[in-house]
Structures are given as C-alpha cells and as structure tokens.
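What follows is a single structure, written as structure tokens, with notes after it.
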Amino acid sequence: MINLLFISYNSAWLLMIAIALISFIVQWRFKSKFKKYSEMPLLSGLSGKDVAERMLHDNGIYNVKVISVEGQLTDHYNPADRTVNLSPDVYHSRSVAAAAVAAHECGHAVQHAKAYNWLSLRSTLVPVVNVASTLTQWTLMIGIMLLLFTHNSFVLAIGVAALALVTLFSFITLPVEFDASSRALAWLNNNYTVMQTSEEHEQAKDALWWAAMTYVVAALSALATLVYYASFLFNRRD
C-alpha cells in the first residue's frame, strides 16, 4: 500500500479513469438486470412489502416496520429507527427483483438483531465518516492549491486522512452487504411459498450479485482517489 502512494500522477489518473469506466459498466449492468427481473412476476404473487414482513417475522423480528420511501433504488435499512425502507418499485411490485431487494434489506435487519460485528462497526463509524466526508469536500482542493503555491502540505494531509477514513468505511461496507445478500438468499431458498422455482432463486441471486458489485467498484473508486491524492501529497511535500 505504501508503494502505491508513490506512483506517478499519470498512473494514478489512469487508474481513476479505468475504475470509473468499470464503475459505469457495473452500474449499467446492475440497472439492466434490475429492470429485467422487475418485469418477471413472482409466481407466489407476493409484493416486496409482503416478502419483507415474512422474512422479518420468520427471524423473530417484530419491532421493525416496513415502509415505502420516495425515489428509485432508495431501498435501505435504518438501524436508528428500525425501519426497512423500500422504494415504490420494490414496496408495491410483485416481481423477482422486488423480492430479492426486500429480502436483502431485511438481511440488514437480521444483522442488527443478531449484533453482527461488521454492521455494528459500520454504524459506529457513520458519524465520524460524515464529518470526514465533509472535510474532503474542501480540504483536498484547497490543500493542493496551498501545496502548489506555498509548499505547505498540512491542509492536504488533513484531506488525505479524511479520505482514508471514507475509503476504509467503503471497504467495511462490503462484508455487510455480502452477508445481507447471503442471509436473504438462504431464506428465499428455504421458503418455497415465496420463491417457488429454482429459476426464480437464480434470478434473485444474479440481481443481488450485481448489486454487490456496485459496492465493490465504489470501494475501489474510493481507494483509487485516495492513492491519487496521497501520491500528490507524498511526491510534492518536499
């Protein structure tokens, strides 16, 4: 990792462009898969809301509400108020995609109920990362300007440190997301009244895999950005 900090600016820039391109492809692929599976009716006829409530109750969770929130792909679990928030396309839909997404978000609720370590760590870091994200918005560019014109690297160093925290958070998110999908797929696989065929299960697995890949490329993008600014700092600080 230390060696990465000393790569040339051009190499770091090319790395960022490459990951941005990969991110675009993955995002496009995920949206394409979601659209495809959103058009495939679930044979059981259950809505995303129905699936979510069944999974929660099957896991002995009765203090979490399933609600609808505005927007597209805005689905998330909020541990603060114990709500599974589903976008209208998932909450009302009776498709394979809706069932997969609803079960995934409930996977986070199960993690919370079972005190899953990675989720606990992620939740603990949220306030710190929010501050760090705010810092990166102004310290990086201002820091570079100060470094170029005054050779003072202090502000840029603060920005790089804040960006390092954001990057770490992105990687901590990965096991949380993969585990939630794993819990969702295991539950769906054992509940034939929800997904009645192996084909539906494979489609759900495919949709959740591409969703997980968006988090992977987001983490890699954060790392590439960190390497770029860190390289700038270490190569110019003298």
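The way I read the labels, and the way they are meant: chains A, B, ... in the order of the structure tokens, residue 1 as the first residue of every chain, and ligand 1 as the first ligand shown, with later ones counted on from there.
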DSSP helix (DSSP H, G or I) residues within range 79-121 of chain A, listed as a VMD selection string: chain A and resid 88 to 91 96 to 113 117 to 121
May I have the residues from that selection written out with N, CA and C atoms, as a compact mmCIF listing (two decimals), in the first residue's frame?
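Dumped everything to out.txt:
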```
# COMPACT_ATOMS: atom_id res chain seq x y z
N PRO A 88 -40.89 2.69 -4.03
CA PRO A 88 -42.20 2.26 -4.55
C PRO A 88 -42.09 1.09 -5.53
N ASP A 89 -41.00 1.06 -6.33
CA ASP A 89 -40.82 -0.01 -7.31
C ASP A 89 -40.59 -1.36 -6.65
N VAL A 90 -40.20 -1.35 -5.39
CA VAL A 90 -39.97 -2.59 -4.65
C VAL A 90 -41.12 -2.87 -3.70
N TYR A 91 -41.58 -1.86 -3.01
CA TYR A 91 -42.64 -1.99 -2.00
C TYR A 91 -43.92 -2.58 -2.60
N VAL A 96 -39.61 -10.66 -9.19
CA VAL A 96 -38.43 -11.34 -8.63
C VAL A 96 -37.46 -10.32 -8.05
N ALA A 97 -37.26 -9.22 -8.78
CA ALA A 97 -36.34 -8.18 -8.32
C ALA A 97 -36.80 -7.58 -6.99
N ALA A 98 -38.08 -7.30 -6.89
CA ALA A 98 -38.62 -6.71 -5.66
C ALA A 98 -38.41 -7.64 -4.47
N ALA A 99 -38.66 -8.93 -4.69
CA ALA A 99 -38.48 -9.91 -3.61
C ALA A 99 -37.02 -9.97 -3.17
N ALA A 100 -36.10 -9.96 -4.15
CA ALA A 100 -34.68 -10.04 -3.84
C ALA A 100 -34.21 -8.83 -3.04
N VAL A 101 -34.60 -7.64 -3.49
CA VAL A 101 -34.19 -6.41 -2.80
C VAL A 101 -34.79 -6.32 -1.41
N ALA A 102 -36.08 -6.65 -1.30
CA ALA A 102 -36.74 -6.61 0.01
C ALA A 102 -36.08 -7.56 1.00
N ALA A 103 -35.75 -8.76 0.53
CA ALA A 103 -35.11 -9.74 1.40
C ALA A 103 -33.71 -9.27 1.79
N HIS A 104 -33.00 -8.65 0.86
CA HIS A 104 -31.66 -8.14 1.15
C HIS A 104 -31.70 -7.09 2.26
N GLU A 105 -32.63 -6.14 2.16
CA GLU A 105 -32.73 -5.09 3.18
C GLU A 105 -33.12 -5.69 4.53
N CYS A 106 -33.93 -6.72 4.51
CA CYS A 106 -34.27 -7.40 5.76
C CYS A 106 -33.07 -8.17 6.30
N GLY A 107 -32.15 -8.54 5.40
CA GLY A 107 -30.91 -9.17 5.83
C GLY A 107 -30.15 -8.25 6.78
N HIS A 108 -30.20 -6.95 6.51
CA HIS A 108 -29.56 -5.97 7.40
C HIS A 108 -30.27 -5.91 8.75
N ALA A 109 -31.59 -6.02 8.72
CA ALA A 109 -32.35 -6.01 9.97
C ALA A 109 -32.00 -7.24 10.82
N VAL A 110 -31.79 -8.38 10.15
CA VAL A 110 -31.39 -9.59 10.86
C VAL A 110 -29.98 -9.40 11.45
N GLN A 111 -29.10 -8.78 10.67
CA GLN A 111 -27.76 -8.47 11.18
C GLN A 111 -27.84 -7.63 12.45
N HIS A 112 -28.70 -6.63 12.41
CA HIS A 112 -28.86 -5.73 13.56
C HIS A 112 -29.38 -6.51 14.77
N ALA A 113 -30.37 -7.35 14.55
CA ALA A 113 -30.96 -8.13 15.64
C ALA A 113 -29.95 -9.10 16.26
N ASN A 117 -21.08 -8.14 13.85
CA ASN A 117 -19.95 -7.28 14.18
C ASN A 117 -19.65 -6.21 13.14
N TRP A 118 -19.65 -6.60 11.86
CA TRP A 118 -19.32 -5.63 10.81
C TRP A 118 -20.37 -4.52 10.72
N LEU A 119 -21.64 -4.87 10.92
CA LEU A 119 -22.68 -3.84 10.89
C LEU A 119 -22.53 -2.91 12.09
N SER A 120 -22.21 -3.48 13.25
CA SER A 120 -22.01 -2.66 14.44
C SER A 120 -20.85 -1.68 14.24
N LEU A 121 -19.76 -2.17 13.66
CA LEU A 121 -18.61 -1.31 13.39
C LEU A 121 -18.97 -0.22 12.40
```
Using only C-alpha atoms, which protein or nucleic acid residues come within 10 Å of Trp187 in chain A? Drop anything in the same chain fewer than 5 positions from it, and give the result as a PyMOL selection string. chain A and resi 55+58-59+103-104+107+181-182+192+194-195
Please, which residues of range 62-121 of chain A, numbered as in this document, come out strand (DSSP E) from DSSP, as number ranges by chain? A: 65-68, 76-78, 83-86
Test item: residues at most 6 Å from range 80-86 of chain A, only C-alpha atoms, excluding those fewer than 3 positions along its chain, as a list in words: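 Using only C-alpha atoms, the neighbours found are Val64, Lys65, Val66, Ile67, Ser68, Val69, Asp75, His76, Tyr77, Val90 and Tyr91 of chain A.
The shortest atom-to-atom distance to Thr214 in chain A, with only C-alpha atoms taken into account, belongs to A:Phe178 out of A:Trp13, A:Phe178, A:Phe169, A:Phe154.
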Tell me which protein, DNA and RNA residues are within 9 Å of Leu46 in chain A, counting only C-alpha atoms, leaving out same-chain ones fewer than 2 positions away, and put them as a list in words. Leu42, Leu43, Ser44, Gly48, Lys49, Asp50, Val51, Ser93, Arg94, Ser95, Ala99 and Val194 of chain A
Pick from A:Leu163, A:Ala230, A:Leu188, A:Ala218, whichever lies nearest to Val26 in chain A using only C-alpha atoms: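 Checking each of A:Leu163, A:Ala230, A:Leu188, A:Ala218 against Val26 in chain A, counting only C-alpha atoms, the winner is A:Ala218.
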